[in-house]
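Trainee: Below is model-v9.txt; it holds compact mmCIF, N, CA and C atoms.
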# COMPACT_ATOMS: atom_id res chain seq x y z
N MET A 1 -7.75 17.68 8.03
CA MET A 1 -9.04 18.27 8.25
C MET A 1 -9.76 18.44 6.90
N ILE A 2 -10.99 18.01 6.83
CA ILE A 2 -11.75 18.10 5.59
C ILE A 2 -11.88 19.57 5.18
N ASP A 3 -11.57 19.84 3.94
CA ASP A 3 -11.65 21.20 3.42
C ASP A 3 -12.41 21.17 2.10
N LEU A 4 -13.68 20.78 2.17
CA LEU A 4 -14.50 20.62 0.97
C LEU A 4 -14.63 21.91 0.18
N GLU A 5 -14.79 23.04 0.87
CA GLU A 5 -14.94 24.31 0.17
C GLU A 5 -13.68 24.64 -0.65
N ARG A 6 -12.52 24.37 -0.07
CA ARG A 6 -11.27 24.62 -0.78
C ARG A 6 -11.15 23.72 -2.01
N ILE A 7 -11.53 22.46 -1.84
CA ILE A 7 -11.47 21.51 -2.96
C ILE A 7 -12.41 21.96 -4.07
N LEU A 8 -13.66 22.26 -3.70
CA LEU A 8 -14.66 22.66 -4.70
C LEU A 8 -14.26 23.97 -5.38
N GLY A 9 -13.64 24.88 -4.62
CA GLY A 9 -13.20 26.15 -5.19
C GLY A 9 -12.07 25.99 -6.19
N SER A 10 -11.35 24.89 -6.13
CA SER A 10 -10.23 24.65 -7.05
C SER A 10 -10.66 23.90 -8.31
N LEU A 11 -11.89 23.43 -8.35
CA LEU A 11 -12.37 22.65 -9.49
C LEU A 11 -13.17 23.52 -10.47
N ASP A 12 -13.30 23.04 -11.69
CA ASP A 12 -14.07 23.74 -12.72
C ASP A 12 -15.46 23.13 -12.87
N LYS A 13 -16.40 23.98 -13.23
CA LYS A 13 -17.79 23.59 -13.53
C LYS A 13 -18.42 22.75 -12.43
N VAL A 14 -18.26 23.19 -11.19
CA VAL A 14 -18.84 22.49 -10.05
C VAL A 14 -20.32 22.78 -9.97
N ARG A 15 -21.11 21.73 -9.77
CA ARG A 15 -22.54 21.93 -9.54
C ARG A 15 -23.05 20.83 -8.62
N ARG A 16 -24.11 21.18 -7.95
CA ARG A 16 -24.72 20.22 -7.04
C ARG A 16 -25.51 19.18 -7.83
N SER A 17 -25.48 17.96 -7.33
CA SER A 17 -26.25 16.87 -7.92
C SER A 17 -26.87 16.10 -6.75
N GLY A 18 -28.04 16.51 -6.33
CA GLY A 18 -28.65 15.93 -5.13
C GLY A 18 -27.86 16.38 -3.91
N LYS A 19 -27.41 15.43 -3.10
CA LYS A 19 -26.61 15.74 -1.92
C LYS A 19 -25.13 15.85 -2.26
N ASN A 20 -24.75 15.44 -3.46
CA ASN A 20 -23.36 15.38 -3.87
C ASN A 20 -23.03 16.50 -4.86
N TYR A 21 -21.83 16.44 -5.42
CA TYR A 21 -21.39 17.41 -6.41
C TYR A 21 -20.82 16.68 -7.62
N VAL A 22 -20.82 17.36 -8.75
CA VAL A 22 -20.11 16.90 -9.94
C VAL A 22 -19.23 18.06 -10.40
N ALA A 23 -18.10 17.70 -11.03
CA ALA A 23 -17.16 18.73 -11.50
C ALA A 23 -16.29 18.13 -12.58
N CYS A 24 -15.50 18.99 -13.22
CA CYS A 24 -14.54 18.53 -14.22
C CYS A 24 -13.32 17.95 -13.50
N CYS A 25 -12.79 16.88 -14.02
CA CYS A 25 -11.65 16.21 -13.42
C CYS A 25 -10.34 16.92 -13.82
N PRO A 26 -9.54 17.31 -12.83
CA PRO A 26 -8.27 17.97 -13.14
C PRO A 26 -7.17 17.00 -13.58
N VAL A 27 -7.40 15.71 -13.39
CA VAL A 27 -6.37 14.72 -13.74
C VAL A 27 -6.22 14.59 -15.25
N HIS A 28 -7.36 14.54 -15.95
CA HIS A 28 -7.27 14.35 -17.41
C HIS A 28 -7.77 15.56 -18.21
N GLY A 29 -7.92 16.70 -17.56
CA GLY A 29 -8.31 17.91 -18.29
C GLY A 29 -9.68 17.84 -18.89
N ASP A 30 -10.64 17.52 -18.09
CA ASP A 30 -12.03 17.35 -18.49
C ASP A 30 -12.67 18.66 -18.95
N ASN A 31 -13.58 18.59 -19.92
CA ASN A 31 -14.39 19.74 -20.31
C ASN A 31 -15.84 19.59 -19.86
N ASN A 32 -16.26 18.35 -19.70
CA ASN A 32 -17.61 18.05 -19.21
C ASN A 32 -17.49 17.40 -17.85
N PRO A 33 -18.28 17.83 -16.87
CA PRO A 33 -18.18 17.25 -15.54
C PRO A 33 -18.40 15.73 -15.55
N SER A 34 -17.36 15.00 -15.18
CA SER A 34 -17.44 13.54 -15.14
C SER A 34 -16.99 13.00 -13.79
N MET A 35 -16.76 13.89 -12.84
CA MET A 35 -16.24 13.48 -11.54
C MET A 35 -17.30 13.68 -10.47
N SER A 36 -17.48 12.66 -9.62
CA SER A 36 -18.42 12.74 -8.51
C SER A 36 -17.67 13.09 -7.24
N ILE A 37 -18.30 13.92 -6.41
CA ILE A 37 -17.71 14.33 -5.13
C ILE A 37 -18.80 14.15 -4.08
N LYS A 38 -18.45 13.42 -3.03
CA LYS A 38 -19.42 13.15 -1.98
C LYS A 38 -18.75 13.34 -0.63
N GLU A 39 -19.42 14.05 0.27
CA GLU A 39 -18.89 14.19 1.62
C GLU A 39 -19.52 13.10 2.48
N ALA A 40 -18.69 12.20 2.98
CA ALA A 40 -19.16 11.12 3.86
C ALA A 40 -18.92 11.56 5.31
N GLU A 41 -19.04 10.65 6.25
CA GLU A 41 -18.93 10.99 7.67
C GLU A 41 -17.65 11.75 8.00
N ASP A 42 -16.52 11.15 7.71
CA ASP A 42 -15.25 11.76 8.11
C ASP A 42 -14.28 11.88 6.94
N LYS A 43 -14.82 11.89 5.72
CA LYS A 43 -13.96 11.98 4.54
C LYS A 43 -14.73 12.50 3.34
N VAL A 44 -13.97 12.91 2.33
CA VAL A 44 -14.54 13.32 1.05
C VAL A 44 -14.20 12.23 0.04
N LEU A 45 -15.20 11.72 -0.63
CA LEU A 45 -15.00 10.69 -1.64
C LEU A 45 -15.06 11.35 -3.01
N MET A 46 -14.06 11.06 -3.85
CA MET A 46 -14.01 11.63 -5.19
C MET A 46 -13.69 10.52 -6.17
N TYR A 47 -14.38 10.55 -7.33
CA TYR A 47 -14.12 9.54 -8.36
C TYR A 47 -14.46 10.12 -9.72
N CYS A 48 -13.54 9.97 -10.65
CA CYS A 48 -13.79 10.40 -12.03
C CYS A 48 -14.27 9.19 -12.82
N HIS A 49 -15.45 9.29 -13.38
CA HIS A 49 -16.03 8.19 -14.14
C HIS A 49 -15.42 8.07 -15.53
N ALA A 50 -14.68 9.08 -15.97
CA ALA A 50 -14.05 9.03 -17.29
C ALA A 50 -12.67 8.38 -17.24
N CYS A 51 -11.82 8.80 -16.30
CA CYS A 51 -10.44 8.28 -16.28
C CYS A 51 -10.16 7.36 -15.11
N GLY A 52 -11.10 7.25 -14.16
CA GLY A 52 -10.91 6.34 -13.02
C GLY A 52 -10.10 6.92 -11.88
N ALA A 53 -9.76 8.21 -11.95
CA ALA A 53 -8.97 8.83 -10.87
C ALA A 53 -9.79 8.86 -9.58
N LYS A 54 -9.09 8.66 -8.47
CA LYS A 54 -9.73 8.68 -7.16
C LYS A 54 -9.21 9.86 -6.36
N GLY A 55 -9.79 10.09 -5.19
CA GLY A 55 -9.52 11.24 -4.35
C GLY A 55 -8.07 11.69 -4.24
N PRO A 56 -7.15 10.83 -3.78
CA PRO A 56 -5.76 11.28 -3.62
C PRO A 56 -5.13 11.78 -4.92
N GLU A 57 -5.38 11.10 -6.03
CA GLU A 57 -4.85 11.53 -7.32
C GLU A 57 -5.43 12.89 -7.72
N ILE A 58 -6.71 13.06 -7.45
CA ILE A 58 -7.41 14.29 -7.86
C ILE A 58 -6.90 15.49 -7.08
N VAL A 59 -6.80 15.35 -5.74
CA VAL A 59 -6.33 16.50 -4.96
C VAL A 59 -4.84 16.77 -5.23
N GLN A 60 -4.09 15.75 -5.57
CA GLN A 60 -2.68 15.96 -5.93
C GLN A 60 -2.60 16.77 -7.22
N ALA A 61 -3.49 16.49 -8.17
CA ALA A 61 -3.53 17.27 -9.42
C ALA A 61 -3.91 18.73 -9.15
N LEU A 62 -4.59 18.97 -8.04
CA LEU A 62 -4.96 20.33 -7.64
C LEU A 62 -3.85 21.00 -6.82
N GLY A 63 -2.78 20.25 -6.54
CA GLY A 63 -1.68 20.80 -5.75
C GLY A 63 -1.91 20.74 -4.26
N MET A 64 -2.80 19.83 -3.83
CA MET A 64 -3.10 19.69 -2.40
C MET A 64 -2.62 18.34 -1.91
N LYS A 65 -2.53 18.23 -0.59
CA LYS A 65 -2.16 16.95 0.02
C LYS A 65 -3.43 16.15 0.28
N PRO A 66 -3.32 14.82 0.30
CA PRO A 66 -4.50 13.97 0.55
C PRO A 66 -5.16 14.22 1.90
N ASP A 67 -4.47 14.89 2.82
CA ASP A 67 -5.05 15.17 4.13
C ASP A 67 -6.36 15.95 4.05
N VAL A 68 -6.53 16.76 2.97
CA VAL A 68 -7.75 17.57 2.85
C VAL A 68 -8.99 16.71 2.66
N LEU A 69 -8.80 15.43 2.35
CA LEU A 69 -9.92 14.54 2.14
C LEU A 69 -10.45 13.91 3.43
N PHE A 70 -9.69 14.04 4.51
CA PHE A 70 -10.03 13.33 5.73
C PHE A 70 -10.19 14.27 6.91
N ASP A 71 -11.05 13.87 7.84
CA ASP A 71 -11.33 14.66 9.03
C ASP A 71 -10.15 14.66 9.99
N LYS A 72 -9.51 13.50 10.14
CA LYS A 72 -8.38 13.37 11.06
C LYS A 72 -7.09 13.25 10.26
N PRO A 73 -6.00 13.77 10.78
CA PRO A 73 -4.72 13.66 10.06
C PRO A 73 -4.26 12.21 10.00
N PHE A 74 -3.46 11.91 8.97
CA PHE A 74 -2.92 10.57 8.83
C PHE A 74 -1.98 10.27 9.98
N LYS A 75 -2.07 9.08 10.51
CA LYS A 75 -1.10 8.62 11.49
C LYS A 75 -0.41 7.41 10.88
N THR A 76 0.84 7.57 10.59
CA THR A 76 1.59 6.44 10.04
C THR A 76 2.46 5.87 11.14
N GLU A 77 2.41 4.58 11.26
CA GLU A 77 3.24 3.92 12.25
C GLU A 77 4.52 3.47 11.58
N TYR A 78 5.61 3.82 12.20
CA TYR A 78 6.91 3.45 11.67
C TYR A 78 7.24 2.04 12.12
N ASP A 79 7.51 1.17 11.19
CA ASP A 79 7.87 -0.21 11.49
C ASP A 79 9.37 -0.36 11.31
N ARG A 80 10.09 -0.48 12.42
CA ARG A 80 11.55 -0.60 12.35
C ARG A 80 11.98 -1.88 11.64
N HIS A 81 11.13 -2.87 11.62
CA HIS A 81 11.50 -4.17 11.09
C HIS A 81 10.81 -4.47 9.76
N TRP A 82 10.49 -3.43 9.00
CA TRP A 82 9.71 -3.62 7.77
C TRP A 82 10.43 -4.52 6.78
N LEU A 83 11.77 -4.41 6.66
CA LEU A 83 12.48 -5.23 5.70
C LEU A 83 12.48 -6.69 6.12
N LEU A 84 12.67 -6.95 7.41
CA LEU A 84 12.60 -8.33 7.89
C LEU A 84 11.22 -8.92 7.62
N ASN A 85 10.18 -8.14 7.88
CA ASN A 85 8.82 -8.62 7.64
C ASN A 85 8.54 -8.80 6.16
N LYS A 86 9.08 -7.89 5.33
CA LYS A 86 8.87 -7.97 3.89
C LYS A 86 9.50 -9.23 3.31
N LYS A 87 10.64 -9.61 3.84
CA LYS A 87 11.37 -10.78 3.35
C LYS A 87 10.88 -12.10 3.96
N ALA A 88 9.98 -12.04 4.93
CA ALA A 88 9.58 -13.24 5.66
C ALA A 88 9.01 -14.32 4.74
N ASP A 89 8.12 -13.97 3.82
CA ASP A 89 7.52 -14.97 2.92
C ASP A 89 8.59 -15.60 2.03
N TRP A 90 9.48 -14.76 1.50
CA TRP A 90 10.57 -15.27 0.66
C TRP A 90 11.43 -16.24 1.46
N ASP A 91 11.80 -15.84 2.68
CA ASP A 91 12.64 -16.69 3.51
C ASP A 91 11.97 -18.01 3.81
N ASP A 92 10.70 -17.96 4.18
CA ASP A 92 9.99 -19.21 4.49
C ASP A 92 9.91 -20.12 3.28
N THR A 93 9.67 -19.55 2.11
CA THR A 93 9.62 -20.35 0.88
C THR A 93 10.97 -20.98 0.60
N MET A 94 12.04 -20.19 0.71
CA MET A 94 13.39 -20.72 0.47
C MET A 94 13.70 -21.86 1.43
N LEU A 95 13.34 -21.69 2.69
CA LEU A 95 13.65 -22.71 3.69
C LEU A 95 12.82 -23.97 3.48
N MET A 96 11.57 -23.82 3.09
CA MET A 96 10.74 -25.00 2.80
C MET A 96 11.28 -25.76 1.60
N MET A 97 11.69 -25.02 0.56
CA MET A 97 12.23 -25.68 -0.63
C MET A 97 13.55 -26.38 -0.30
N ALA A 98 14.40 -25.74 0.51
CA ALA A 98 15.67 -26.35 0.90
C ALA A 98 15.41 -27.61 1.72
N HIS A 99 14.47 -27.54 2.63
CA HIS A 99 14.15 -28.71 3.46
C HIS A 99 13.67 -29.86 2.59
N GLU A 100 12.80 -29.56 1.65
CA GLU A 100 12.27 -30.60 0.75
C GLU A 100 13.39 -31.19 -0.10
N THR A 101 14.26 -30.34 -0.63
CA THR A 101 15.37 -30.80 -1.48
C THR A 101 16.31 -31.70 -0.69
N LEU A 102 16.68 -31.27 0.52
CA LEU A 102 17.61 -32.05 1.34
C LEU A 102 16.98 -33.35 1.82
N SER A 103 15.68 -33.32 2.13
CA SER A 103 15.01 -34.55 2.59
C SER A 103 14.91 -35.59 1.49
N GLN A 104 14.99 -35.16 0.22
CA GLN A 104 14.97 -36.09 -0.90
C GLN A 104 16.38 -36.58 -1.25
N GLY A 105 17.38 -36.11 -0.50
CA GLY A 105 18.75 -36.53 -0.73
C GLY A 105 19.43 -35.81 -1.88
N LYS A 106 18.83 -34.73 -2.35
CA LYS A 106 19.42 -33.97 -3.46
C LYS A 106 20.37 -32.92 -2.90
N THR A 107 21.21 -32.38 -3.79
CA THR A 107 22.13 -31.33 -3.37
C THR A 107 21.58 -29.95 -3.74
N ILE A 108 22.14 -28.95 -3.09
CA ILE A 108 21.72 -27.56 -3.31
C ILE A 108 22.89 -26.82 -3.95
N SER A 109 22.58 -25.98 -4.94
CA SER A 109 23.63 -25.21 -5.61
C SER A 109 24.24 -24.20 -4.64
N TYR A 110 25.44 -23.75 -4.96
CA TYR A 110 26.12 -22.80 -4.09
C TYR A 110 25.34 -21.49 -3.98
N ASN A 111 24.76 -21.01 -5.07
CA ASN A 111 23.97 -19.77 -5.03
C ASN A 111 22.75 -19.94 -4.14
N ASP A 112 22.08 -21.08 -4.25
CA ASP A 112 20.93 -21.35 -3.38
C ASP A 112 21.37 -21.44 -1.92
N TYR A 113 22.53 -22.06 -1.71
CA TYR A 113 23.08 -22.18 -0.36
C TYR A 113 23.28 -20.79 0.26
N LYS A 114 23.83 -19.84 -0.52
CA LYS A 114 24.04 -18.48 -0.01
C LYS A 114 22.71 -17.82 0.33
N GLU A 115 21.71 -18.00 -0.54
CA GLU A 115 20.36 -17.43 -0.27
C GLU A 115 19.76 -18.04 0.99
N ILE A 116 19.93 -19.34 1.15
CA ILE A 116 19.36 -20.03 2.31
C ILE A 116 20.04 -19.55 3.59
N LYS A 117 21.35 -19.34 3.54
CA LYS A 117 22.06 -18.83 4.72
C LYS A 117 21.55 -17.44 5.10
N GLN A 118 21.30 -16.60 4.09
CA GLN A 118 20.75 -15.26 4.38
C GLN A 118 19.35 -15.38 4.97
N SER A 119 18.55 -16.28 4.42
CA SER A 119 17.19 -16.49 4.94
C SER A 119 17.23 -16.97 6.38
N LEU A 120 18.17 -17.89 6.67
CA LEU A 120 18.30 -18.38 8.04
C LEU A 120 18.73 -17.26 8.99
N ALA A 121 19.64 -16.40 8.53
CA ALA A 121 20.10 -15.28 9.37
C ALA A 121 18.95 -14.32 9.66
N ARG A 122 18.14 -14.01 8.62
CA ARG A 122 17.00 -13.12 8.84
C ARG A 122 15.97 -13.77 9.75
N ARG A 123 15.77 -15.08 9.59
CA ARG A 123 14.82 -15.78 10.46
C ARG A 123 15.29 -15.73 11.91
N GLU A 124 16.58 -15.88 12.11
CA GLU A 124 17.14 -15.82 13.47
C GLU A 124 16.95 -14.40 14.04
N GLN A 125 17.12 -13.38 13.21
CA GLN A 125 16.86 -12.01 13.66
C GLN A 125 15.41 -11.84 14.07
N ARG A 126 14.49 -12.39 13.25
CA ARG A 126 13.07 -12.30 13.58
C ARG A 126 12.78 -13.03 14.89
N ARG A 127 13.42 -14.17 15.07
CA ARG A 127 13.21 -14.95 16.30
C ARG A 127 13.68 -14.14 17.52
N LYS A 128 14.85 -13.50 17.42
CA LYS A 128 15.37 -12.70 18.53
C LYS A 128 14.47 -11.51 18.84
N LEU A 129 13.88 -10.93 17.79
CA LEU A 129 12.99 -9.78 17.97
C LEU A 129 11.56 -10.19 18.29
N ARG A 130 11.33 -11.49 18.38
CA ARG A 130 9.99 -12.05 18.67
C ARG A 130 8.95 -11.67 17.62
N LEU A 131 9.41 -11.60 16.36
CA LEU A 131 8.50 -11.38 15.24
C LEU A 131 7.97 -12.73 14.80
N PRO A 132 6.81 -12.79 14.14
CA PRO A 132 6.23 -14.08 13.75
C PRO A 132 7.10 -14.85 12.76
N ILE A 133 7.16 -16.15 13.00
CA ILE A 133 7.89 -17.06 12.11
C ILE A 133 6.89 -18.15 11.70
N LEU A 134 6.65 -18.26 10.40
CA LEU A 134 5.66 -19.24 9.93
C LEU A 134 6.26 -20.63 9.82
N PHE A 135 7.36 -20.74 9.14
CA PHE A 135 7.98 -22.04 8.90
C PHE A 135 9.04 -22.23 9.98
N ASN A 136 8.76 -23.07 10.97
CA ASN A 136 9.62 -23.16 12.14
C ASN A 136 10.37 -24.48 12.18
N MET A 137 10.93 -24.88 11.07
CA MET A 137 11.69 -26.12 11.01
C MET A 137 13.15 -25.78 10.82
N ASP A 138 14.02 -26.38 11.63
CA ASP A 138 15.45 -26.10 11.53
C ASP A 138 16.04 -26.89 10.37
N ILE A 139 16.93 -26.23 9.66
CA ILE A 139 17.61 -26.84 8.51
C ILE A 139 19.10 -26.84 8.80
N ALA A 140 19.70 -27.99 8.71
CA ALA A 140 21.14 -28.09 8.92
C ALA A 140 21.83 -28.01 7.57
N LEU A 141 22.66 -27.02 7.41
CA LEU A 141 23.39 -26.86 6.15
C LEU A 141 24.83 -27.26 6.35
With the file now loaded, output its structure as structure tokens.

Mentor:
Amino acid sequence: MIDLERILGSLDKVRRSGKNYVACCPVHGDNNPSMSIKEAEDKVLMYCHACGAKGPEIVQALGMKPDVLFDKPFKTEYDRHWLLNKKADWDDTMLMMAHETLSQGKTISYNDYKEIKQSLARREQRRKLRLPILFNMDIAL
């Protein structure tokens, strides 16, 4: 929930500047107001023109959570398969390189072979879970 009054009350040398506010930045220990504060539709926008700090960094320096900047609470979706998805690009690259190497009649080192086997196992897990697979070519090792 936006708590602009609480934020402004925690800052030094706050003053109005048109529809917005300026204040001293708590991130770098400002003495002259160099930070802009603007209340938008469903959030508070903050930016320090001296050090480049943005809203979350600024409210953290004030000892607050970033939730005070937004009208609605954060909703984070838990992805049970985040590691499989994170490794997908690596796996696809490894498999494409292995396919290219084998199609040229070259051999693969034992360490690369172990990496490729792990990539194939993760790809098979993604296939069983119906997660997206970009490189869909089977490689016989």

Trainee: May I have the residues within 9 Å of segment 123-130 of chain A as a PyMOL selection string, using only C-alpha atoms and disregarding those fewer than 3 positions away in the same chain?

Mentor: chain A and resi 81+84-85+88+91-92+118-120+133

Trainee: Would you kindly return, as an NGL selection string, each protein, DNA or RNA residue with an atom no farther than 8 Å from any atom of segment 42-44 of chain A, considering only N, CA and C atoms and excluding same-chain residues fewer than 3 positions away?

Mentor: :A and (1-4 or 37-39 or 47 or 55 or 68-72)

Trainee: Could you turn the residues from that selection into a file that holds N, CA and C atoms, as a PDB file, keeping the file's coordinate frame?

Mentor:
ATOM      1  N   MET A   1      -7.750  17.680   8.030  1.00  0.00           N
ATOM      2  CA  MET A   1      -9.040  18.270   8.250  1.00  0.00           C
ATOM      3  C   MET A   1      -9.760  18.440   6.900  1.00  0.00           C
ATOM      4  N   ILE A   2     -10.990  18.010   6.830  1.00  0.00           N
ATOM      5  CA  ILE A   2     -11.750  18.100   5.590  1.00  0.00           C
ATOM      6  C   ILE A   2     -11.880  19.570   5.180  1.00  0.00           C
ATOM      7  N   ASP A   3     -11.570  19.840   3.940  1.00  0.00           N
ATOM      8  CA  ASP A   3     -11.650  21.200   3.420  1.00  0.00           C
ATOM      9  C   ASP A   3     -12.410  21.170   2.100  1.00  0.00           C
ATOM     10  N   LEU A   4     -13.680  20.780   2.170  1.00  0.00           N
ATOM     11  CA  LEU A   4     -14.500  20.620   0.970  1.00  0.00           C
ATOM     12  C   LEU A   4     -14.630  21.910   0.180  1.00  0.00           C
ATOM     13  N   ILE A  37     -18.300  13.920  -6.410  1.00  0.00           N
ATOM     14  CA  ILE A  37     -17.710  14.330  -5.130  1.00  0.00           C
ATOM     15  C   ILE A  37     -18.800  14.150  -4.080  1.00  0.00           C
ATOM     16  N   LYS A  38     -18.450  13.420  -3.030  1.00  0.00           N
ATOM     17  CA  LYS A  38     -19.420  13.150  -1.980  1.00  0.00           C
ATOM     18  C   LYS A  38     -18.750  13.340  -0.630  1.00  0.00           C
ATOM     19  N   GLU A  39     -19.420  14.050   0.270  1.00  0.00           N
ATOM     20  CA  GLU A  39     -18.890  14.190   1.620  1.00  0.00           C
ATOM     21  C   GLU A  39     -19.520  13.100   2.480  1.00  0.00           C
ATOM     22  N   TYR A  47     -14.380  10.550  -7.330  1.00  0.00           N
ATOM     23  CA  TYR A  47     -14.120   9.540  -8.360  1.00  0.00           C
ATOM     24  C   TYR A  47     -14.460  10.120  -9.720  1.00  0.00           C
ATOM     25  N   GLY A  55      -9.790  10.090  -5.190  1.00  0.00           N
ATOM     26  CA  GLY A  55      -9.520  11.240  -4.350  1.00  0.00           C
ATOM     27  C   GLY A  55      -8.070  11.690  -4.240  1.00  0.00           C
ATOM     28  N   VAL A  68      -6.530  16.760   2.970  1.00  0.00           N
ATOM     29  CA  VAL A  68      -7.750  17.570   2.850  1.00  0.00           C
ATOM     30  C   VAL A  68      -8.990  16.710   2.660  1.00  0.00           C
ATOM     31  N   LEU A  69      -8.800  15.430   2.350  1.00  0.00           N
ATOM     32  CA  LEU A  69      -9.920  14.540   2.140  1.00  0.00           C
ATOM     33  C   LEU A  69     -10.450  13.910   3.430  1.00  0.00           C
ATOM     34  N   PHE A  70      -9.690  14.040   4.510  1.00  0.00           N
ATOM     35  CA  PHE A  70     -10.030  13.330   5.730  1.00  0.00           C
ATOM     36  C   PHE A  70     -10.190  14.270   6.910  1.00  0.00           C
ATOM     37  N   ASP A  71     -11.050  13.870   7.840  1.00  0.00           N
ATOM     38  CA  ASP A  71     -11.330  14.660   9.030  1.00  0.00           C
ATOM     39  C   ASP A  71     -10.150  14.660   9.990  1.00  0.00           C
ATOM     40  N   LYS A  72      -9.510  13.500  10.140  1.00  0.00           N
ATOM     41  CA  LYS A  72      -8.380  13.370  11.060  1.00  0.00           C
ATOM     42  C   LYS A  72      -7.090  13.250  10.260  1.00  0.00           C
TER      43      LYS A  72
END

Trainee: Would you kindly identify which residues have an atom no farther than 12 Å from (-22.0, 17.2, -14.0), using only C-alpha atoms and the file's own coordinates, and write them out as a VMD selection string?

Mentor: chain A and resid 11 to 18 20 to 25 30 to 37 48 to 50

Trainee: Mind checking DSSP for chain A and telling me the alpha helix (DSSP H) residues as a PyMOL selection string?

Mentor: chain A and resi 4-10+55-61+82-103+110-128

Trainee: Can you measure atom CA of Arg80 of chain A to atom CA of Asn111 of chain A for me? One decimal in Å is fine.

Mentor: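 Atom CA of Asn111 of chain A lies 28.7 Å from atom CA of Arg80 of chain A.
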
Trainee: Rounded to one decimal in Å, what is the spacing between atom CA of Gln60 of chain A and atom C of Glu41 of chain A?

Mentor: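 Result for atom CA of Gln60 of chain A versus atom C of Glu41 of chain A: 20.9 Å, one decimal.
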
Trainee: So how many Å separate atom CA of Arg122 of chain A and atom N of Thr107 of chain A, to one decimal?

Mentor: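 Straight-line distance from atom CA of Arg122 of chain A to atom N of Thr107 of chain A works out to 23.4 Å.
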
Trainee: Could you find all residues in chain A that DSSP calls strand (DSSP E or B) from the backbone, and write them as a PyMOL selection string?

Mentor: chain A and resi 15-17+20-23+35-39+43-48+54+70
